[in-house]
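Novice: Supplied structure: target.pdb, PDB, N, CA and C atoms.
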ATOM      1  N   MET A   7     122.788 104.257 125.600
ATOM      2  CA  MET A   7     122.561 105.420 124.765
ATOM      3  C   MET A   7     123.611 105.518 123.658
ATOM      4  N   LYS A   8     124.847 105.132 123.940
ATOM      5  CA  LYS A   8     125.897 105.230 122.931
ATOM      6  C   LYS A   8     125.587 104.316 121.744
ATOM      7  N   ALA A   9     125.143 103.092 122.007
ATOM      8  CA  ALA A   9     124.816 102.156 120.925
ATOM      9  C   ALA A   9     123.673 102.703 120.083
ATOM     10  N   ARG A  10     122.698 103.296 120.711
ATOM     11  CA  ARG A  10     121.554 103.875 120.001
ATOM     12  C   ARG A  10     122.001 105.019 119.086
ATOM     13  N   GLU A  11     122.875 105.876 119.585
ATOM     14  CA  GLU A  11     123.384 106.981 118.781
ATOM     15  C   GLU A  11     124.177 106.479 117.571
ATOM     16  N   ILE A  12     124.952 105.427 117.771
ATOM     17  CA  ILE A  12     125.697 104.832 116.669
ATOM     18  C   ILE A  12     124.727 104.262 115.633
ATOM     19  N   ALA A  13     123.675 103.609 116.096
ATOM     20  CA  ALA A  13     122.664 103.046 115.189
ATOM     21  C   ALA A  13     121.984 104.153 114.382
ATOM     22  N   ILE A  14     121.678 105.265 115.021
ATOM     23  CA  ILE A  14     121.054 106.394 114.320
ATOM     24  C   ILE A  14     121.981 106.917 113.228
ATOM     25  N   GLN A  15     123.267 107.062 113.531
ATOM     26  CA  GLN A  15     124.233 107.545 112.535
ATOM     27  C   GLN A  15     124.292 106.619 111.324
ATOM     28  N   HIS A  16     124.303 105.309 111.579
ATOM     29  CA  HIS A  16     124.388 104.352 110.476
ATOM     30  C   HIS A  16     123.089 104.296 109.673
ATOM     31  N   ALA A  17     121.952 104.437 110.313
ATOM     32  CA  ALA A  17     120.674 104.476 109.591
ATOM     33  C   ALA A  17     120.632 105.710 108.692
ATOM     34  N   ARG A  18     121.069 106.834 109.232
ATOM     35  CA  ARG A  18     121.089 108.083 108.457
ATOM     36  C   ARG A  18     122.007 107.943 107.237
ATOM     37  N   ARG A  19     123.200 107.357 107.425
ATOM     38  CA  ARG A  19     124.153 107.171 106.324
ATOM     39  C   ARG A  19     123.604 106.229 105.248
ATOM     40  N   ALA A  20     122.979 105.130 105.687
ATOM     41  CA  ALA A  20     122.427 104.162 104.731
ATOM     42  C   ALA A  20     121.330 104.805 103.896
ATOM     43  N   CYS A  21     120.480 105.596 104.533
ATOM     44  CA  CYS A  21     119.408 106.284 103.800
ATOM     45  C   CYS A  21     119.984 107.285 102.805
ATOM     46  N   LYS A  22     120.976 108.032 103.241
ATOM     47  CA  LYS A  22     121.594 109.025 102.351
ATOM     48  C   LYS A  22     122.247 108.343 101.155
ATOM     49  N   LYS A  23     122.930 107.234 101.396
ATOM     50  CA  LYS A  23     123.605 106.490 100.333
ATOM     51  C   LYS A  23     122.618 106.056  99.250
ATOM     52  N   HIS A  24     121.415 105.663  99.647
ATOM     53  CA  HIS A  24     120.415 105.171  98.701
ATOM     54  C   HIS A  24     119.386 106.235  98.319
ATOM     55  N   GLU A  25     119.705 107.487  98.672
ATOM     56  CA  GLU A  25     118.841 108.625  98.352
ATOM     57  C   GLU A  25     117.426 108.458  98.904
ATOM     58  N   LEU A  26     117.365 108.055 100.163
ATOM     59  CA  LEU A  26     116.101 107.885 100.878
ATOM     60  C   LEU A  26     116.031 108.905 101.997
ATOM     61  N   GLN A  27     114.841 109.148 102.492
ATOM     62  CA  GLN A  27     114.682 110.060 103.620
ATOM     63  C   GLN A  27     114.540 109.237 104.898
ATOM     64  N   PHE A  28     115.411 109.494 105.870
ATOM     65  CA  PHE A  28     115.389 108.840 107.184
ATOM     66  C   PHE A  28     114.299 109.519 108.006
ATOM     67  N   LEU A  29     113.243 108.787 108.310
ATOM     68  CA  LEU A  29     112.093 109.383 108.983
ATOM     69  C   LEU A  29     112.253 109.396 110.499
ATOM     70  N   ASP A  30     111.699 110.390 111.130
ATOM     71  CA  ASP A  30     111.641 110.547 112.587
ATOM     72  C   ASP A  30     113.006 110.720 113.247
ATOM     73  N   GLN A  31     114.089 110.608 112.478
ATOM     74  CA  GLN A  31     115.460 110.818 112.973
ATOM     75  C   GLN A  31     115.782 109.985 114.215
ATOM     76  N   THR A  32     115.230 108.771 114.280
ATOM     77  CA  THR A  32     115.485 107.918 115.435
ATOM     78  C   THR A  32     115.366 106.448 115.054
ATOM     79  N   VAL A  33     115.809 105.588 115.959
ATOM     80  CA  VAL A  33     115.662 104.141 115.831
ATOM     81  C   VAL A  33     114.943 103.635 117.078
ATOM     82  N   ALA A  34     114.305 102.481 116.951
ATOM     83  CA  ALA A  34     113.591 101.884 118.082
ATOM     84  C   ALA A  34     114.196 100.516 118.394
ATOM     85  N   LEU A  35     114.508 100.288 119.654
ATOM     86  CA  LEU A  35     115.060  99.003 120.079
ATOM     87  C   LEU A  35     113.978  97.938 119.980
ATOM     88  N   ARG A  36     114.234  96.885 119.221
ATOM     89  CA  ARG A  36     113.269  95.799 119.044
ATOM     90  C   ARG A  36     113.622  94.570 119.864
ATOM     91  N   ARG A  37     114.927  94.344 120.040
ATOM     92  CA  ARG A  37     115.356  93.135 120.752
ATOM     93  C   ARG A  37     116.757  93.353 121.299
ATOM     94  N   MET A  38     117.003  92.806 122.480
ATOM     95  CA  MET A  38     118.326  92.897 123.102
ATOM     96  C   MET A  38     118.596  91.568 123.789
ATOM     97  N   ARG A  39     119.750  90.972 123.493
ATOM     98  CA  ARG A  39     120.063  89.679 124.092
ATOM     99  C   ARG A  39     121.579  89.541 124.266
ATOM    100  N   PRO A  40     121.998  88.740 125.233
ATOM    101  CA  PRO A  40     123.438  88.565 125.451
ATOM    102  C   PRO A  40     124.055  87.693 124.353
ATOM    103  N   ARG A  41     125.250  88.055 123.938
ATOM    104  CA  ARG A  41     126.012  87.317 122.921
ATOM    105  C   ARG A  41     127.490  87.384 123.280
ATOM    106  N   ARG A  42     128.289  86.748 122.474
ATOM    107  CA  ARG A  42     129.744  86.871 122.586
ATOM    108  C   ARG A  42     130.262  87.489 121.290
ATOM    109  N   ASP A  43     131.218  88.412 121.437
ATOM    110  CA  ASP A  43     131.785  89.045 120.243
ATOM    111  C   ASP A  43     132.796  88.112 119.585
ATOM    112  N   SER A  44     133.465  88.597 118.551
ATOM    113  CA  SER A  44     134.406  87.758 117.796
ATOM    114  C   SER A  44     135.619  87.316 118.621
ATOM    115  N   HIS A  45     135.861  87.984 119.738
ATOM    116  CA  HIS A  45     136.969  87.614 120.632
ATOM    117  C   HIS A  45     136.503  86.752 121.801
ATOM    118  N   GLY A  46     135.225  86.410 121.838
ATOM    119  CA  GLY A  46     134.691  85.579 122.909
ATOM    120  C   GLY A  46     134.251  86.355 124.140
ATOM    121  N   ASN A  47     134.313  87.677 124.090
ATOM    122  CA  ASN A  47     133.904  88.504 125.225
ATOM    123  C   ASN A  47     132.386  88.685 125.224
ATOM    124  N   PRO A  48     131.775  88.705 126.406
ATOM    125  CA  PRO A  48     130.322  88.917 126.453
ATOM    126  C   PRO A  48     129.962  90.345 126.036
ATOM    127  N   CYS A  49     128.859  90.465 125.314
ATOM    128  CA  CYS A  49     128.362  91.772 124.902
ATOM    129  C   CYS A  49     126.861  91.652 124.642
ATOM    130  N   TRP A  50     126.234  92.760 124.374
ATOM    131  CA  TRP A  50     124.806  92.765 124.053
ATOM    132  C   TRP A  50     124.616  92.845 122.549
ATOM    133  N   GLN A  51     123.707  92.034 122.032
ATOM    134  CA  GLN A  51     123.285  92.213 120.644
ATOM    135  C   GLN A  51     121.981  92.994 120.692
ATOM    136  N   ARG A  52     121.972  94.099 119.967
ATOM    137  CA  ARG A  52     120.790  94.964 119.913
ATOM    138  C   ARG A  52     120.285  95.010 118.486
ATOM    139  N   ASP A  53     118.981  94.842 118.331
ATOM    140  CA  ASP A  53     118.346  94.960 117.023
ATOM    141  C   ASP A  53     117.423  96.167 117.066
ATOM    142  N   TYR A  54     117.673  97.110 116.150
ATOM    143  CA  TYR A  54     116.899  98.343 116.067
ATOM    144  C   TYR A  54     116.098  98.369 114.778
ATOM    145  N   ALA A  55     114.986  99.053 114.809
ATOM    146  CA  ALA A  55     114.174  99.281 113.615
ATOM    147  C   ALA A  55     114.097 100.780 113.372
ATOM    148  N   PHE A  56     113.952 101.151 112.100
ATOM    149  CA  PHE A  56     113.762 102.550 111.746
ATOM    150  C   PHE A  56     112.899 102.613 110.497
ATOM    151  N   GLU A  57     112.432 103.795 110.185
ATOM    152  CA  GLU A  57     111.584 103.977 109.018
ATOM    153  C   GLU A  57     112.229 104.947 108.044
ATOM    154  N   TYR A  58     111.968 104.698 106.772
ATOM    155  CA  TYR A  58     112.489 105.555 105.717
ATOM    156  C   TYR A  58     111.422 105.685 104.638
ATOM    157  N   THR A  59     111.617 106.631 103.752
ATOM    158  CA  THR A  59     110.677 106.805 102.652
ATOM    159  C   THR A  59     111.427 107.070 101.366
ATOM    160  N   SER A  60     110.848 106.565 100.308
ATOM    161  CA  SER A  60     111.305 106.927  98.969
ATOM    162  C   SER A  60     110.124 107.614  98.308
ATOM    163  N   THR A  61     110.323 108.834  97.916
ATOM    164  CA  THR A  61     109.247 109.621  97.321
ATOM    165  C   THR A  61     109.254 109.407  95.814
ATOM    166  N   THR A  62     108.083 109.093  95.274
ATOM    167  CA  THR A  62     107.954 108.881  93.838
ATOM    168  C   THR A  62     106.783 109.696  93.311
ATOM    169  N   ASN A  63     106.677 109.763  92.018
ATOM    170  CA  ASN A  63     105.546 110.424  91.369
ATOM    171  C   ASN A  63     104.664 109.349  90.751
ATOM    172  N   ASP A  64     103.357 109.439  90.978
ATOM    173  CA  ASP A  64     102.466 108.452  90.377
ATOM    174  C   ASP A  64     102.189 108.814  88.919
ATOM    175  N   THR A  65     101.345 108.054  88.259
ATOM    176  CA  THR A  65     101.089 108.260  86.828
ATOM    177  C   THR A  65     100.455 109.609  86.529
ATOM    178  N   ASP A  66      99.788 110.213  87.511
ATOM    179  CA  ASP A  66      99.176 111.526  87.319
ATOM    180  C   ASP A  66     100.143 112.667  87.621
ATOM    181  N   GLY A  67     101.366 112.331  88.040
ATOM    182  CA  GLY A  67     102.353 113.351  88.365
ATOM    183  C   GLY A  67     102.310 113.811  89.812
ATOM    184  N   ALA A  68     101.413 113.234  90.615
ATOM    185  CA  ALA A  68     101.323 113.600  92.026
ATOM    186  C   ALA A  68     102.451 112.923  92.802
ATOM    187  N   THR A  69     102.956 113.587  93.836
ATOM    188  CA  THR A  69     104.011 113.030  94.665
ATOM    189  C   THR A  69     103.411 112.056  95.670
ATOM    190  N   VAL A  70     104.020 110.871  95.745
ATOM    191  CA  VAL A  70     103.550 109.828  96.657
ATOM    192  C   VAL A  70     104.730 109.411  97.531
ATOM    193  N   SER A  71     104.507 109.318  98.841
ATOM    194  CA  SER A  71     105.550 108.863  99.757
ATOM    195  C   SER A  71     105.100 107.570 100.429
ATOM    196  N   TYR A  72     106.028 106.638 100.544
ATOM    197  CA  TYR A  72     105.755 105.359 101.197
ATOM    198  C   TYR A  72     106.625 105.253 102.434
ATOM    199  N   ARG A  73     106.038 104.854 103.542
ATOM    200  CA  ARG A  73     106.778 104.670 104.786
ATOM    201  C   ARG A  73     107.153 103.194 104.875
ATOM    202  N   ASP A  74     108.456 102.917 104.779
ATOM    203  CA  ASP A  74     108.949 101.546 104.812
ATOM    204  C   ASP A  74     109.882 101.353 106.001
ATOM    205  N   HIS A  75     110.204 100.090 106.299
ATOM    206  CA  HIS A  75     110.965  99.754 107.506
ATOM    207  C   HIS A  75     112.330  99.161 107.173
ATOM    208  N   GLY A  76     113.329  99.619 107.914
ATOM    209  CA  GLY A  76     114.673  99.072 107.830
ATOM    210  C   GLY A  76     115.094  98.584 109.204
ATOM    211  N   SER A  77     116.253  97.943 109.293
ATOM    212  CA  SER A  77     116.732  97.464 110.590
ATOM    213  C   SER A  77     118.248  97.538 110.669
ATOM    214  N   ILE A  78     118.728  97.572 111.904
ATOM    215  CA  ILE A  78     120.162  97.587 112.196
ATOM    216  C   ILE A  78     120.413  96.589 113.311
ATOM    217  N   SER A  79     121.433  95.763 113.135
ATOM    218  CA  SER A  79     121.824  94.801 114.156
ATOM    219  C   SER A  79     123.218  95.174 114.641
ATOM    220  N   MET A  80     123.390  95.249 115.965
ATOM    221  CA  MET A  80     124.672  95.624 116.557
ATOM    222  C   MET A  80     125.100  94.601 117.595
ATOM    223  N   GLN A  81     126.403  94.357 117.683
ATOM    224  CA  GLN A  81     126.973  93.582 118.780
ATOM    225  C   GLN A  81     127.899  94.518 119.521
ATOM    226  N   GLY A  82     127.562  94.783 120.764
ATOM    227  CA  GLY A  82     128.300  95.790 121.510
ATOM    228  C   GLY A  82     128.078  97.131 120.847
ATOM    229  N   PHE A  83     129.165  97.804 120.475
ATOM    230  CA  PHE A  83     129.060  99.091 119.792
ATOM    231  C   PHE A  83     129.421  98.983 118.310
ATOM    232  N   ARG A  84     129.446  97.759 117.794
ATOM    233  CA  ARG A  84     129.769  97.538 116.389
ATOM    234  C   ARG A  84     128.519  97.173 115.605
ATOM    235  N   VAL A  85     128.369  97.807 114.471
ATOM    236  CA  VAL A  85     127.240  97.508 113.591
ATOM    237  C   VAL A  85     127.566  96.231 112.822
ATOM    238  N   LYS A  86     126.698  95.249 112.917
ATOM    239  CA  LYS A  86     126.881  93.982 112.205
ATOM    240  C   LYS A  86     126.148  93.990 110.868
ATOM    241  N   ALA A  87     124.984  94.638 110.819
ATOM    242  CA  ALA A  87     124.214  94.655 109.570
ATOM    243  C   ALA A  87     123.244  95.827 109.562
ATOM    244  N   VAL A  88     123.091  96.421 108.385
ATOM    245  CA  VAL A  88     122.059  97.430 108.146
ATOM    246  C   VAL A  88     121.217  96.876 107.007
ATOM    247  N   ASP A  89     119.920  96.790 107.216
ATOM    248  CA  ASP A  89     119.046  96.200 106.215
ATOM    249  C   ASP A  89     118.011  97.211 105.730
ATOM    250  N   LEU A  90     118.153  97.600 104.483
ATOM    251  CA  LEU A  90     117.140  98.379 103.766
ATOM    252  C   LEU A  90     116.644  97.429 102.683
ATOM    253  N   PRO A  91     115.574  96.718 102.917
ATOM    254  CA  PRO A  91     115.209  95.634 102.007
ATOM    255  C   PRO A  91     114.815  96.073 100.605
ATOM    256  N   PHE A  92     114.240  97.267 100.460
ATOM    257  CA  PHE A  92     113.789  97.693  99.140
ATOM    258  C   PHE A  92     113.538  99.187  99.089
ATOM    259  N   VAL A  93     113.387  99.689  97.872
ATOM    260  CA  VAL A  93     112.925 101.054  97.608
ATOM    261  C   VAL A  93     111.709 100.918  96.699
ATOM    262  N   ARG A  94     111.098 102.017  96.364
ATOM    263  CA  ARG A  94     109.920 101.987  95.486
ATOM    264  C   ARG A  94     110.274 102.574  94.125
ATOM    265  N   ASP A  95     109.696 101.995  93.072
ATOM    266  CA  ASP A  95     109.892 102.562  91.746
ATOM    267  C   ASP A  95     108.835 103.627  91.485
ATOM    268  N   ILE A  96     108.798 104.143  90.277
ATOM    269  CA  ILE A  96     107.882 105.228  89.930
ATOM    270  C   ILE A  96     106.427 104.852  90.162
ATOM    271  N   GLU A  97     106.095 103.577  89.972
ATOM    272  CA  GLU A  97     104.720 103.119  90.125
ATOM    273  C   GLU A  97     104.404 102.678  91.545
ATOM    274  N   GLY A  98     105.356 102.768  92.456
ATOM    275  CA  GLY A  98     105.123 102.379  93.838
ATOM    276  C   GLY A  98     105.413 100.916  94.126
ATOM    277  N   ASN A  99     105.936 100.187  93.150
ATOM    278  CA  ASN A  99     106.291  98.773  93.346
ATOM    279  C   ASN A  99     107.595  98.663  94.113
ATOM    280  N   ARG A 100     107.718  97.615  94.886
ATOM    281  CA  ARG A 100     108.944  97.392  95.633
ATOM    282  C   ARG A 100     110.049  96.908  94.704
ATOM    283  N   VAL A 101     111.223  97.516  94.834
ATOM    284  CA  VAL A 101     112.417  97.103  94.104
ATOM    285  C   VAL A 101     113.424  96.666  95.166
ATOM    286  N   TYR A 102     113.740  95.380  95.198
ATOM    287  CA  TYR A 102     114.591  94.828  96.247
ATOM    288  C   TYR A 102     116.059  94.995  95.908
ATOM    289  N   PHE A 103     116.861  95.282  96.951
ATOM    290  CA  PHE A 103     118.307  95.360  96.801
ATOM    291  C   PHE A 103     118.860  93.961  96.706
ATOM    292  N   GLN A 104     119.917  93.789  95.937
ATOM    293  CA  GLN A 104     120.567  92.481  95.806
ATOM    294  C   GLN A 104     121.708  92.385  96.777
TER     295      GLN A 104
END
Show how you would write the structure in this file as structure tokens.

Specialist:
Amino acid sequence: MKAREIAIQHARRACKKHELQFLDQTVALRRMRPRRDSHGNPCWQRDYAFEYTSTTNDTDGATVSYRDHGSISMQGFRVKAVDLPFVRDIEGNRVYFQ
């Protein structure tokens, strides 16, 4: 539960940083496997998925929301990576982060 709570905090922060809405206020465990940390100690690697939205206005001025997927990878209680692959532009096209 502690790792999950840490993942939720980091997903929320990443969404806020990129001005996105963190949907459902939760993460879902996708994969869990044994690994070794940087000191050689055994730990669990957990991969979580979450959803976010970037709200845009279409050409008619109507508000459009897209539900997109992000991920978080953790080793033990340390976050190794947070992936928000893209946001949407005004026309709804994907704009990828570099």

Novice: What is the CA of Met7 in chain A to CA of Gly76 in chain A distance in Å?

Specialist: 19.7 Å

Novice: I'd like to see the residues matched by the PyMOL selection byres ((chain A and resi 22-36) around 5) on this file, and ideally I'd get them as a compact mmCIF listing (two decimals) with N, CA and C atoms, keeping the file's coordinate frame.

Specialist:
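As written to disk, expr_26.txt reads:
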# COMPACT_ATOMS: atom_id res chain seq x y z
N ARG A 18 121.07 106.83 109.23
CA ARG A 18 121.09 108.08 108.46
C ARG A 18 122.01 107.94 107.24
N ARG A 19 123.20 107.36 107.42
CA ARG A 19 124.15 107.17 106.32
C ARG A 19 123.60 106.23 105.25
N ALA A 20 122.98 105.13 105.69
CA ALA A 20 122.43 104.16 104.73
C ALA A 20 121.33 104.80 103.90
N CYS A 21 120.48 105.60 104.53
CA CYS A 21 119.41 106.28 103.80
C CYS A 21 119.98 107.28 102.80
N ARG A 37 114.93 94.34 120.04
CA ARG A 37 115.36 93.14 120.75
C ARG A 37 116.76 93.35 121.30
N MET A 38 117.00 92.81 122.48
CA MET A 38 118.33 92.90 123.10
C MET A 38 118.60 91.57 123.79
N ASP A 53 118.98 94.84 118.33
CA ASP A 53 118.35 94.96 117.02
C ASP A 53 117.42 96.17 117.07
N TYR A 54 117.67 97.11 116.15
CA TYR A 54 116.90 98.34 116.07
C TYR A 54 116.10 98.37 114.78
N ALA A 55 114.99 99.05 114.81
CA ALA A 55 114.17 99.28 113.62
C ALA A 55 114.10 100.78 113.37
N PHE A 56 113.95 101.15 112.10
CA PHE A 56 113.76 102.55 111.75
C PHE A 56 112.90 102.61 110.50
N GLU A 57 112.43 103.80 110.18
CA GLU A 57 111.58 103.98 109.02
C GLU A 57 112.23 104.95 108.04
N TYR A 58 111.97 104.70 106.77
CA TYR A 58 112.49 105.56 105.72
C TYR A 58 111.42 105.68 104.64
N THR A 59 111.62 106.63 103.75
CA THR A 59 110.68 106.80 102.65
C THR A 59 111.43 107.07 101.37

Novice: One number please: atom N of Arg84 in chain A to CA of Ala9 in chain A, in Å, one decimal.

Specialist: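 These two atoms are separated by 7.1 Å.
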
Novice: Report, in Å to a single decimal, how far apart CA of Pro91 in chain A and CA of Arg39 in chain A are.

Specialist: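 Taking CA of Arg39 in chain A as the start and CA of Pro91 in chain A as the end point, the length is 23.4 Å.
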
Novice: Starting from the PyMOL selection byres (((chain A and resi 72 and name CA) around 7) and name CA), expand the selection into actual residues of this file and give them as a PDB file with N, CA and C atoms, keeping the file's coordinate frame.

Specialist:
ATOM      1  N   THR A  59     111.617 106.631 103.752  1.00  0.00           N
ATOM      2  CA  THR A  59     110.677 106.805 102.652  1.00  0.00           C
ATOM      3  C   THR A  59     111.427 107.070 101.366  1.00  0.00           C
ATOM      4  N   SER A  60     110.848 106.565 100.308  1.00  0.00           N
ATOM      5  CA  SER A  60     111.305 106.927  98.969  1.00  0.00           C
ATOM      6  C   SER A  60     110.124 107.614  98.308  1.00  0.00           C
ATOM      7  N   THR A  61     110.323 108.834  97.916  1.00  0.00           N
ATOM      8  CA  THR A  61     109.247 109.621  97.321  1.00  0.00           C
ATOM      9  C   THR A  61     109.254 109.407  95.814  1.00  0.00           C
ATOM     10  N   VAL A  70     104.020 110.871  95.745  1.00  0.00           N
ATOM     11  CA  VAL A  70     103.550 109.828  96.657  1.00  0.00           C
ATOM     12  C   VAL A  70     104.730 109.411  97.531  1.00  0.00           C
ATOM     13  N   SER A  71     104.507 109.318  98.841  1.00  0.00           N
ATOM     14  CA  SER A  71     105.550 108.863  99.757  1.00  0.00           C
ATOM     15  C   SER A  71     105.100 107.570 100.429  1.00  0.00           C
ATOM     16  N   ARG A  73     106.038 104.854 103.542  1.00  0.00           N
ATOM     17  CA  ARG A  73     106.778 104.670 104.786  1.00  0.00           C
ATOM     18  C   ARG A  73     107.153 103.194 104.875  1.00  0.00           C
ATOM     19  N   ASP A  74     108.456 102.917 104.779  1.00  0.00           N
ATOM     20  CA  ASP A  74     108.949 101.546 104.812  1.00  0.00           C
ATOM     21  C   ASP A  74     109.882 101.353 106.001  1.00  0.00           C
TER      22      ASP A  74
END

Novice: For Ser79 in chain A, which residue out of A:Gln15, A:Val101, A:Arg94, A:Arg52 is the nearest one, using only C-alpha atoms?

Specialist: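 Ranked by minimum distance to Ser79 in chain A, first place goes to A:Arg52.
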
Novice: Give the answer as one residue: which of A:Arg42, A:Arg100, A:Lys8, A:His16 has the shortest atom-to-atom distance to Phe83 in chain A, using all atoms listed in the file?

Specialist: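 Counting all atoms listed in the file, the residue closest to Phe83 in chain A is A:Lys8.
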
Novice: Within 12 Å of (119.3, 90.8, 101.1) in the file's own coordinates, which protein, DNA or RNA residues have an atom, counting only C-alpha atoms? List them as a list of chain:residue names.

Specialist: A:Gly76, A:Ser77, A:Ala87, A:Val88, A:Asp89, A:Leu90, A:Pro91, A:Phe92, A:Val101, A:Tyr102, A:Phe103, A:Gln104

Novice: Counting all atoms listed in the file, figure out which residue out of A:Arg10, A:Asn99, A:Ala17, A:Gly82 gets nearest to Pro48 in chain A.

Specialist: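 Ranked by minimum distance to Pro48 in chain A, first place goes to A:Gly82.
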
Novice: Let me make sure I understand: among A:Ile14, A:Lys86, A:His75, A:Met80, which one has the smallest atom-to-atom distance to Gln51 in chain A if we use only C-alpha atoms?

Specialist: A:Met80

Novice: With DSSP run on the backbone, what are the alpha helix (DSSP H) residues within chain A? I'd like them as a list of chain:residue names.

Specialist: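 So the alpha helix (DSSP H) residues in chain A would be A:Lys8, A:Ala9, A:Arg10, A:Glu11, A:Ile12, A:Ala13, A:Ile14, A:Gln15, A:His16, A:Ala17, A:Arg18, A:Arg19, A:Ala20, A:Cys21, A:Lys22, A:Lys23.
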